[in-house]
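Pasting final-v3.txt here (compact mmCIF, C-alpha atoms):
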# COMPACT_ATOMS: atom_id res chain seq x y z
CA MET A 1 390.12 27.44 -117.85
CA GLN A 2 388.54 30.86 -117.38
CA ALA A 3 387.62 32.14 -113.92
CA PRO A 4 384.03 31.22 -112.94
CA PRO A 5 382.75 34.84 -112.94
CA ILE A 6 383.87 35.23 -116.56
CA GLN A 7 382.36 31.88 -117.55
CA ARG A 8 379.12 32.89 -115.87
CA LEU A 9 378.97 36.20 -117.73
CA VAL A 10 379.68 34.48 -121.07
CA THR A 11 376.92 31.96 -120.32
CA GLU A 12 374.39 34.64 -119.41
CA LEU A 13 375.24 36.80 -122.44
CA GLY A 14 374.97 33.72 -124.67
CA LYS A 15 371.35 33.26 -123.60
CA LEU A 16 370.35 36.50 -125.35
CA PRO A 17 368.77 36.05 -128.79
CA GLY A 18 371.25 36.15 -131.67
CA ILE A 19 374.28 36.10 -129.35
CA GLY A 20 376.43 33.01 -130.02
CA SER A 21 379.25 31.82 -127.80
CA ARG A 22 381.98 33.72 -129.70
CA THR A 23 379.99 36.96 -129.54
CA ALA A 24 379.23 36.37 -125.86
CA GLN A 25 382.97 35.91 -125.25
CA ARG A 26 383.70 39.13 -127.12
CA LEU A 27 381.06 41.09 -125.21
CA ALA A 28 382.34 39.71 -121.90
CA PHE A 29 385.88 40.89 -122.64
CA HIS A 30 384.51 44.25 -123.68
CA ILE A 31 382.73 44.53 -120.33
CA LEU A 32 385.94 43.51 -118.54
CA ARG A 33 387.80 46.31 -120.34
CA GLN A 34 385.11 48.90 -119.53
CA SER A 35 385.27 51.12 -116.47
CA ASP A 36 383.27 49.96 -113.45
CA GLU A 37 380.85 52.85 -114.04
CA GLU A 38 380.09 51.78 -117.61
CA ALA A 39 379.61 48.13 -116.72
CA PHE A 40 377.52 48.90 -113.65
CA ALA A 41 375.32 51.21 -115.76
CA LEU A 42 374.37 48.21 -117.91
CA SER A 43 373.93 45.93 -114.90
CA ASP A 44 371.73 48.49 -113.16
CA ALA A 45 369.71 49.20 -116.30
CA ILE A 46 368.78 45.51 -116.52
CA ARG A 47 367.84 45.34 -112.84
CA GLU A 48 365.90 48.59 -113.04
CA VAL A 49 363.93 47.66 -116.13
CA LYS A 50 362.81 44.44 -114.45
CA SER A 51 361.86 46.04 -111.16
CA ARG A 52 360.24 49.20 -112.52
CA ILE A 53 358.50 48.12 -115.72
CA GLY A 54 355.19 46.23 -115.60
CA LEU A 55 352.10 46.08 -117.79
CA CYS A 56 349.64 48.96 -118.19
CA GLU A 57 346.36 48.09 -116.45
CA VAL A 58 344.37 49.48 -119.39
CA CYS A 59 346.18 48.36 -122.55
CA PHE A 60 348.86 45.88 -121.33
CA ASN A 61 351.64 47.81 -122.98
CA LEU A 62 354.84 48.15 -120.93
CA ALA A 63 354.44 50.81 -118.27
CA GLU A 64 356.52 52.36 -115.53
CA GLY A 65 353.50 52.84 -113.23
CA PRO A 66 349.99 51.37 -113.28
CA ARG A 67 349.31 53.06 -116.65
CA CYS A 68 351.51 53.48 -119.72
CA ARG A 69 352.47 56.88 -121.13
CA ILE A 70 350.08 56.56 -124.05
CA CYS A 71 347.05 55.77 -121.86
CA LEU A 72 348.00 58.69 -119.61
CA ASP A 73 348.33 61.10 -122.56
CA GLU A 74 345.10 63.12 -122.67
CA ARG A 75 345.73 64.32 -126.23
CA ARG A 76 345.25 60.78 -127.54
CA ASP A 77 341.91 59.83 -129.12
CA THR A 78 340.22 57.53 -126.59
CA ALA A 79 337.63 56.37 -129.16
CA LEU A 80 340.26 54.62 -131.26
CA ILE A 81 342.06 51.41 -130.22
CA CYS A 82 344.91 49.79 -132.12
CA VAL A 83 345.31 46.08 -131.30
CA VAL A 84 348.86 44.68 -131.53
CA GLU A 85 350.47 41.39 -130.58
CA GLU A 86 353.45 42.53 -128.52
CA PRO A 87 354.68 45.70 -126.75
CA GLN A 88 357.48 46.11 -129.30
CA ASP A 89 354.86 46.45 -132.07
CA VAL A 90 353.75 49.78 -130.56
CA ILE A 91 357.08 51.43 -131.38
CA PRO A 92 356.99 51.24 -135.21
CA ILE A 93 353.35 52.38 -135.24
CA GLU A 94 354.18 55.37 -133.05
CA ARG A 95 357.07 56.15 -135.36
CA THR A 96 354.69 56.67 -138.32
CA HIS A 97 352.85 59.51 -136.46
CA GLU A 98 349.72 58.30 -138.33
CA PHE A 99 347.92 56.94 -135.29
CA ARG A 100 346.68 59.14 -132.46
CA GLY A 101 344.49 56.65 -130.60
CA ARG A 102 345.38 54.20 -127.88
CA TYR A 103 346.59 50.60 -127.95
CA HIS A 104 345.64 47.17 -126.76
CA VAL A 105 348.52 44.72 -126.48
CA LEU A 106 347.34 41.11 -126.70
CA GLY A 107 350.60 39.54 -125.55
CA GLY A 108 350.63 37.08 -128.44
CA ALA A 109 348.56 35.77 -131.34
CA LEU A 110 346.10 32.87 -131.50
CA SER A 111 347.85 29.67 -132.48
CA PRO A 112 346.10 26.38 -131.72
CA ILE A 113 349.22 24.43 -132.76
CA ASP A 114 351.31 26.23 -130.14
CA GLY A 115 348.50 25.95 -127.61
CA VAL A 116 347.67 29.68 -127.63
CA ASP A 117 343.88 29.87 -127.22
CA PRO A 118 341.66 32.98 -126.85
CA GLU A 119 341.90 32.86 -123.05
CA ASP A 120 345.73 32.91 -123.18
CA ILE A 121 345.93 36.44 -124.63
CA LYS A 122 344.25 39.68 -123.52
CA LEU A 123 341.07 39.22 -125.59
CA ALA A 124 338.48 39.28 -122.78
CA GLU A 125 340.07 42.56 -121.63
CA LEU A 126 339.78 43.98 -125.15
CA TYR A 127 336.09 43.04 -125.44
CA ALA A 128 335.44 44.57 -122.00
CA ARG A 129 337.12 47.82 -123.06
CA VAL A 130 335.08 48.01 -126.25
CA GLU A 131 331.81 46.99 -124.56
CA GLU A 132 332.30 49.69 -121.96
CA GLY A 133 331.44 52.15 -124.73
CA GLY A 134 332.94 55.29 -126.20
CA ILE A 135 334.91 53.35 -128.82
CA ARG A 136 334.43 54.34 -132.45
CA GLU A 137 336.96 52.11 -134.17
CA VAL A 138 339.25 49.17 -133.44
CA VAL A 139 342.28 48.87 -135.76
CA LEU A 140 343.61 45.32 -135.91
CA ALA A 141 347.39 45.63 -136.29
CA THR A 142 348.42 42.06 -135.60
CA ASN A 143 351.30 40.79 -137.75
CA PRO A 144 350.50 39.90 -141.41
CA THR A 145 351.35 36.25 -140.66
CA THR A 146 349.17 33.16 -140.41
CA THR A 147 348.65 33.51 -136.68
CA GLY A 148 348.30 37.30 -136.84
CA GLU A 149 345.68 37.09 -139.60
CA ALA A 150 343.79 34.34 -137.76
CA THR A 151 343.79 36.49 -134.62
CA ALA A 152 342.50 39.51 -136.58
CA LEU A 153 339.67 37.48 -138.14
CA HIS A 154 338.72 35.98 -134.79
CA VAL A 155 338.66 39.38 -133.06
CA ALA A 156 336.75 41.03 -135.93
CA GLU A 157 334.05 38.35 -135.81
CA GLU A 158 333.76 38.55 -132.04
CA LEU A 159 333.54 42.36 -132.02
CA ARG A 160 330.93 42.40 -134.80
CA ARG A 161 328.80 40.08 -132.67
CA ARG A 162 329.31 41.92 -129.36
CA THR A 163 329.49 45.55 -130.46
CA PRO A 164 328.07 45.83 -134.01
CA ASP A 165 328.25 49.67 -133.96
CA VAL A 166 332.03 49.74 -133.59
CA THR A 167 334.00 49.87 -136.84
CA VAL A 168 336.66 47.16 -137.06
CA THR A 169 339.53 47.76 -139.47
CA ARG A 170 342.68 45.91 -140.48
CA LEU A 171 346.06 47.36 -141.54
CA ALA A 172 346.08 47.79 -145.33
CA SER A 173 348.15 45.54 -147.49
CA GLY A 174 351.49 47.08 -148.30
CA LEU A 175 353.22 45.04 -145.62
CA PRO A 176 354.91 42.06 -147.27
CA VAL A 177 353.20 38.87 -146.09
CA GLY A 178 355.29 36.82 -143.68
CA ALA A 179 357.17 39.88 -142.48
CA ASP A 180 357.52 40.96 -138.89
CA LEU A 181 355.77 44.18 -137.87
CA GLU A 182 358.59 45.03 -135.52
CA TYR A 183 360.95 45.62 -138.47
CA ALA A 184 358.64 47.38 -140.94
CA ASP A 185 359.89 50.69 -142.33
CA GLU A 186 357.95 53.84 -141.47
CA VAL A 187 356.70 54.59 -145.00
CA THR A 188 355.27 51.12 -145.64
CA LEU A 189 353.72 50.95 -142.22
CA GLY A 190 352.35 54.49 -142.54
CA LYS A 191 350.69 53.54 -145.84
CA ALA A 192 349.30 50.40 -144.31
CA LEU A 193 347.82 52.48 -141.50
CA SER A 194 346.29 55.21 -143.66
CA GLY A 195 344.85 52.64 -146.10
CA ARG A 196 343.33 50.35 -143.47
CA ARG A 197 340.22 48.50 -144.69
CA ALA A 198 336.99 47.43 -143.01
CA LEU A 199 336.73 43.73 -142.17
CA MET B 1 357.78 57.59 -126.06
CA GLN B 2 359.19 54.59 -124.18
CA ALA B 3 359.51 54.62 -120.40
CA PRO B 4 362.92 55.95 -119.24
CA PRO B 5 364.08 52.62 -117.75
CA ILE B 6 363.55 50.93 -121.13
CA GLN B 7 365.29 53.77 -122.97
CA ARG B 8 368.18 53.52 -120.55
CA LEU B 9 368.55 49.77 -121.07
CA VAL B 10 368.44 50.21 -124.87
CA THR B 11 371.12 52.90 -124.61
CA GLU B 12 373.39 50.79 -122.42
CA LEU B 13 372.99 47.69 -124.60
CA GLY B 14 373.69 49.80 -127.68
CA LYS B 15 377.12 50.70 -126.27
CA LEU B 16 378.28 47.10 -126.59
CA PRO B 17 380.43 46.36 -129.66
CA GLY B 18 378.45 45.18 -132.68
CA ILE B 19 375.07 45.96 -131.07
CA GLY B 20 373.16 48.55 -133.13
CA SER B 21 370.04 50.35 -131.96
CA ARG B 22 367.62 47.82 -133.47
CA THR B 23 369.46 44.90 -131.87
CA ALA B 24 369.61 46.77 -128.57
CA GLN B 25 365.85 47.29 -128.77
CA ARG B 26 365.34 43.61 -129.49
CA LEU B 27 367.58 42.51 -126.60
CA ALA B 28 365.80 44.93 -124.24
CA PHE B 29 362.40 43.44 -125.09
CA HIS B 30 363.83 39.98 -124.66
CA ILE B 31 365.04 40.94 -121.18
CA LEU B 32 361.60 42.42 -120.40
CA ARG B 33 360.00 39.10 -121.38
CA GLN B 34 362.44 37.05 -119.28
CA SER B 35 361.71 36.04 -115.72
CA ASP B 36 363.22 38.23 -113.01
CA GLU B 37 365.62 35.40 -112.14
CA GLU B 38 366.98 35.17 -115.69
CA ALA B 39 367.42 38.92 -116.08
CA PHE B 40 368.96 39.33 -112.64
CA ALA B 41 371.40 36.51 -113.43
CA LEU B 42 372.78 38.61 -116.30
CA SER B 43 372.78 41.79 -114.25
CA ASP B 44 374.59 40.07 -111.37
CA ALA B 45 377.07 38.37 -113.70
CA ILE B 46 378.13 41.78 -115.04
CA ARG B 47 378.47 43.24 -111.57
CA GLU B 48 380.32 40.20 -110.28
CA VAL B 49 382.79 40.04 -113.15
CA LYS B 50 383.72 43.68 -112.55
CA SER B 51 384.09 43.36 -108.80
CA ARG B 52 385.79 39.97 -108.67
CA ILE B 53 388.06 39.90 -111.71
CA GLY B 54 391.36 41.76 -111.74
CA LEU B 55 394.78 41.22 -113.31
CA CYS B 56 397.17 38.43 -112.27
CA GLU B 57 400.16 39.93 -110.43
CA VAL B 58 402.54 37.63 -112.35
CA CYS B 59 401.30 37.53 -115.94
CA PHE B 60 398.56 40.23 -116.11
CA ASN B 61 396.00 37.78 -117.41
CA LEU B 62 392.49 38.12 -115.93
CA ALA B 63 392.38 36.56 -112.46
CA GLU B 64 389.84 36.04 -109.72
CA GLY B 65 392.42 36.46 -106.96
CA PRO B 66 395.95 37.89 -106.94
CA ARG B 67 397.10 35.15 -109.35
CA CYS B 68 395.39 33.61 -112.40
CA ARG B 69 394.54 29.92 -112.67
CA ILE B 70 397.38 29.25 -115.10
CA CYS B 71 400.06 30.82 -112.87
CA LEU B 72 398.65 28.86 -109.91
CA ASP B 73 398.70 25.57 -111.86
CA GLU B 74 401.84 23.70 -110.73
CA ARG B 75 401.74 21.33 -113.68
CA ARG B 76 402.56 24.19 -116.06
CA ASP B 77 406.14 24.59 -117.30
CA THR B 78 407.50 27.66 -115.50
CA ALA B 79 410.50 27.90 -117.85
CA LEU B 80 408.29 28.76 -120.83
CA ILE B 81 406.49 32.09 -121.29
CA CYS B 82 404.04 32.89 -124.07
CA VAL B 83 403.65 36.63 -124.68
CA VAL B 84 400.25 37.79 -125.94
CA GLU B 85 398.63 41.18 -126.47
CA GLU B 86 395.30 40.75 -124.67
CA PRO B 87 393.69 38.38 -122.14
CA GLN B 88 391.32 37.03 -124.81
CA ASP B 89 394.34 35.81 -126.81
CA VAL B 90 395.07 33.25 -124.09
CA ILE B 91 391.84 31.35 -124.81
CA PRO B 92 392.55 30.18 -128.38
CA ILE B 93 396.12 29.19 -127.42
CA GLU B 94 394.83 27.14 -124.49
CA ARG B 95 392.32 25.54 -126.83
CA THR B 96 395.11 24.07 -128.99
CA HIS B 97 396.52 22.09 -126.00
CA GLU B 98 399.95 22.65 -127.61
CA PHE B 99 401.28 25.02 -125.00
CA ARG B 100 402.00 23.96 -121.41
CA GLY B 101 403.95 27.00 -120.20
CA ARG B 102 402.71 30.23 -118.68
CA TYR B 103 401.68 33.53 -120.20
CA HIS B 104 402.55 37.20 -120.16
CA VAL B 105 399.76 39.53 -121.22
CA LEU B 106 401.10 42.85 -122.49
CA GLY B 107 397.76 44.66 -122.50
CA GLY B 108 398.29 45.94 -126.03
CA ALA B 109 400.85 46.20 -128.83
CA LEU B 110 403.41 48.89 -129.58
CA SER B 111 401.98 51.52 -131.89
CA PRO B 112 403.73 54.90 -132.03
CA ILE B 113 400.89 56.29 -134.19
CA ASP B 114 398.33 55.50 -131.49
CA GLY B 115 400.70 56.70 -128.79
CA VAL B 116 401.37 53.21 -127.38
CA ASP B 117 405.03 53.24 -126.30
CA PRO B 118 407.05 50.52 -124.52
CA GLU B 119 406.19 51.97 -121.10
CA ASP B 120 402.45 51.77 -121.83
CA ILE B 121 402.35 47.97 -121.98
CA LYS B 122 403.71 45.36 -119.55
CA LEU B 123 407.18 45.13 -121.11
CA ALA B 124 409.30 46.10 -118.07
CA GLU B 125 407.41 43.42 -116.13
CA LEU B 126 408.20 40.86 -118.84
CA TYR B 127 411.92 41.70 -118.83
CA ALA B 128 411.96 41.51 -115.01
CA ARG B 129 410.33 38.06 -115.13
CA VAL B 130 412.85 36.79 -117.66
CA GLU B 131 415.86 38.41 -115.94
CA GLU B 132 414.87 36.79 -112.65
CA GLY B 133 416.05 33.53 -114.24
CA GLY B 134 414.67 30.04 -114.74
CA ILE B 135 413.22 30.92 -118.14
CA ARG B 136 414.26 28.72 -121.08
CA GLU B 137 412.11 30.15 -123.85
CA VAL B 138 409.85 33.11 -124.59
CA VAL B 139 407.25 32.52 -127.32
CA LEU B 140 406.09 35.76 -128.91
CA ALA B 141 402.41 35.26 -129.76
CA THR B 142 401.41 38.83 -130.54
CA ASN B 143 398.98 39.20 -133.46
CA PRO B 144 400.38 38.77 -137.01
CA THR B 145 399.57 42.42 -137.73
CA THR B 146 401.81 45.45 -138.21
CA THR B 147 401.70 46.44 -134.55
CA GLY B 148 401.92 42.84 -133.33
CA GLU B 149 404.96 42.13 -135.53
CA ALA B 150 406.63 45.37 -134.47
CA THR B 151 406.06 44.47 -130.84
CA ALA B 152 407.50 40.98 -131.37
CA LEU B 153 410.63 42.38 -133.06
CA HIS B 154 411.08 45.00 -130.33
CA VAL B 155 410.74 42.41 -127.55
CA ALA B 156 413.02 39.91 -129.32
CA GLU B 157 415.78 42.49 -129.70
CA GLU B 158 415.45 43.64 -126.11
CA LEU B 159 415.51 40.08 -124.72
CA ARG B 160 418.53 39.12 -126.85
CA ARG B 161 420.37 42.08 -125.35
CA ARG B 162 419.28 41.54 -121.74
CA THR B 163 419.13 37.75 -121.50
CA PRO B 164 421.10 36.27 -124.44
CA ASP B 165 420.78 32.71 -123.10
CA VAL B 166 416.99 32.68 -123.33
CA THR B 167 415.55 31.37 -126.61
CA VAL B 168 413.07 33.78 -128.20
CA THR B 169 410.58 32.31 -130.67
CA ARG B 170 407.71 33.63 -132.75
CA LEU B 171 404.50 31.85 -133.78
CA ALA B 172 405.06 30.12 -137.12
CA SER B 173 403.44 31.42 -140.25
CA GLY B 174 400.24 29.64 -141.00
CA LEU B 175 398.17 32.43 -139.54
CA PRO B 176 396.88 34.62 -142.37
CA VAL B 177 398.49 38.06 -142.12
CA GLY B 178 396.12 40.80 -140.94
CA ALA B 179 393.94 38.32 -139.07
CA ASP B 180 393.00 38.55 -135.43
CA LEU B 181 394.42 35.90 -133.11
CA GLU B 182 391.25 35.88 -131.08
CA TYR B 183 389.35 34.27 -134.00
CA ALA B 184 391.95 31.80 -135.28
CA ASP B 185 390.81 28.18 -135.57
CA GLU B 186 392.46 25.58 -133.39
CA VAL B 187 394.23 23.66 -136.18
CA THR B 188 395.88 26.71 -137.76
CA LEU B 189 396.89 28.10 -134.42
CA GLY B 190 398.15 24.71 -133.24
CA LYS B 191 400.36 24.46 -136.35
CA ALA B 192 401.62 27.97 -135.81
CA LEU B 193 402.55 27.03 -132.25
CA SER B 194 404.30 23.76 -133.04
CA GLY B 195 406.22 25.33 -135.96
CA ARG B 196 407.37 28.42 -134.09
CA ARG B 197 410.72 29.74 -135.34
CA ALA B 198 413.70 31.38 -133.62
CA LEU B 199 413.98 35.15 -134.08
Rendering of file as structure tokens:
Amino acid sequence: MQAPPIQRLVTELGKLPGIGSRTAQRLAFHILRQSDEEAFALSDAIREVKSRIGLCEVCFNLAEGPRCRICLDERRDTALICVVEEPQDVIPIERTHEFRGRYHVLGGALSPIDGVDPEDIKLAELYARVEEGGIREVVLATNPTTTGEATALHVAEELRRRTPDVTVTRLASGLPVGADLEYADEVTLGKALSGRRAL
Amino acid sequence: MQAPPIQRLVTELGKLPGIGSRTAQRLAFHILRQSDEEAFALSDAIREVKSRIGLCEVCFNLAEGPRCRICLDERRDTALICVVEEPQDVIPIERTHEFRGRYHVLGGALSPIDGVDPEDIKLAELYARVEEGGIREVVLATNPTTTGEATALHVAEELRRRTPDVTVTRLASGLPVGADLEYADEVTLGKALSGRRAL
């Protein structure tokens, strides 16, 4: 019964995670009540983020140009690499102010059941970075979940074989097992970082 | 630390009702993971809804052209008008399939405290529609809240004075007082419609 443009907006909003059909309806009516400027600002922000954001050629974090802001920042310690699963995992680690190195974003975790094998995530690129030299330590900050732990063990073993002089560490316990790194609080995550242990 | 386009998207998403900063962050990363087609579909839907949807010239419901789909539908009873506060209130009433007349969307409820006076909502337009003739009954379906009730009483009194031959009814009790019409379930709202009482 609603006009097609409204139905379309409700449908598109309902595709977002955690947005059910009632919430999508509510958001759509909010957008209809907004001024054109406000609504267009959201529309443009979506379009812009898709057209201007890609992956950093060094660490595969999200980047506005060929390299992300962290890789471009010369004050960061280039001998230290923190390995995370997803770009959103960089944010809570940055928030702790405990880590001054650079990142390597795998784009997932190893999971044979889901068909995620070593060649499906940025592992070869990580090994190449470390083998290129100048790396003192690799901090494995994958999620403390089954797949995150498996990925950390796999990477640690591989790095020990390829580059035995590089220290490989893992985030300290302190993170509740099964939790999601994206939602960890700063204190817990800071402790986990400062207490990281050799693998 | 995040690239400006990402920050901007998080900010814009965070302006939506019920979307906090963490949720906005989560939605932004979801959009970044989506294909361009999926993300652009949402962006375009927002733009399209704002450029193509306006208010119906008859009932002030949302409409894609000069008139809404309900006012254009010749099978609807033109002698029956249901008065609601907002466009989103039309949806649950339609969902009951109990009402086959047309609507009049006031665009708010009378509230002297909030500075909403009779001339701020579409009351003159309602009286003009009813005074034009051919109307048998006006169903007042404003929310069962203080402002909604006050609006219903004000409209009932005014219509009795202007057009004494037109029956004015109010949604039956059955709706819990203080609730929001937008979220009423079909059964309760259907009962409230079928049991509407004369004012």
Check the smallest atom-to-atom distance from each of B:Glu57, B:Glu98, B:Glu157, B:Asp44 to chain A using all atoms listed in the file, then report the winner.
B:Asp44
Residues of chain B within 9 Å of chain A, counting all atoms listed in the file, what are they? List them as a PyMOL selection string.
chain B and resi 1-6+8-13+16-18+22-23+25-32+34-36+38-54+62-64+68-70+87-88+91+94+183
Within 12 Å of Thr78 in chain B, counting all atoms listed in the file, which residues show up once you throw out same-chain ones fewer than 4 positions away? Write them as a ChimeraX atom specification, please.
/B:58-59,70-74,82,99-104,129-130,133-138
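Straight-line separation from CA of Leu126 in chain B to CA of Asp185 in chain B: 27.3 Å.
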Kindly provide, as JSON, the centre and edge lengths (Å, one decimal) of an axis-aligned box around all atoms of range 182-196 of chain B given in the file, with 3 Å on each side.
{"center_x": 398.4, "center_y": 29.8, "center_z": -134.4, "size_x": 24.0, "size_y": 18.2, "size_z": 12.7}
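Straight-line separation from CA of Arg170 in chain A to CA of Asp117 in chain A: 20.8 Å.
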Interatomic distance (Å, one decimal) between CA of Ala156 in chain A and CA of Pro144 in chain A:
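That distance, rounded to one decimal, is 14.8 Å.
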For range 186-196 of chain B, list every protein, DNA or RNA residue within 9 Å, evaluated using all atoms listed in the file, and leave out those in the same chain fewer than 6 positions away; present the list as a VMD selection string.
chain B and resid 92 to 93 95 to 99 139 141 169 to 175
Pick out the residues sitting within 10 Å of Gly178 in chain B, and hand them over as a PyMOL selection string; count all atoms listed in the file, and ignore anything fewer than 4 positions along from it in its own chain.
chain B and resi 143-146+148
Would you output that residue set with C-alpha atoms, as an mmCIF file, in the coordinates of the input?
data_model
loop_
_atom_site.group_PDB
_atom_site.id
_atom_site.type_symbol
_atom_site.label_atom_id
_atom_site.label_comp_id
_atom_site.auth_asym_id
_atom_site.auth_seq_id
_atom_site.Cartn_x
_atom_site.Cartn_y
_atom_site.Cartn_z
ATOM 1 C CA ASN B 143 398.980 39.200 -133.460
ATOM 2 C CA PRO B 144 400.380 38.770 -137.010
ATOM 3 C CA THR B 145 399.570 42.420 -137.730
ATOM 4 C CA THR B 146 401.810 45.450 -138.210
ATOM 5 C CA GLY B 148 401.920 42.840 -133.330
#
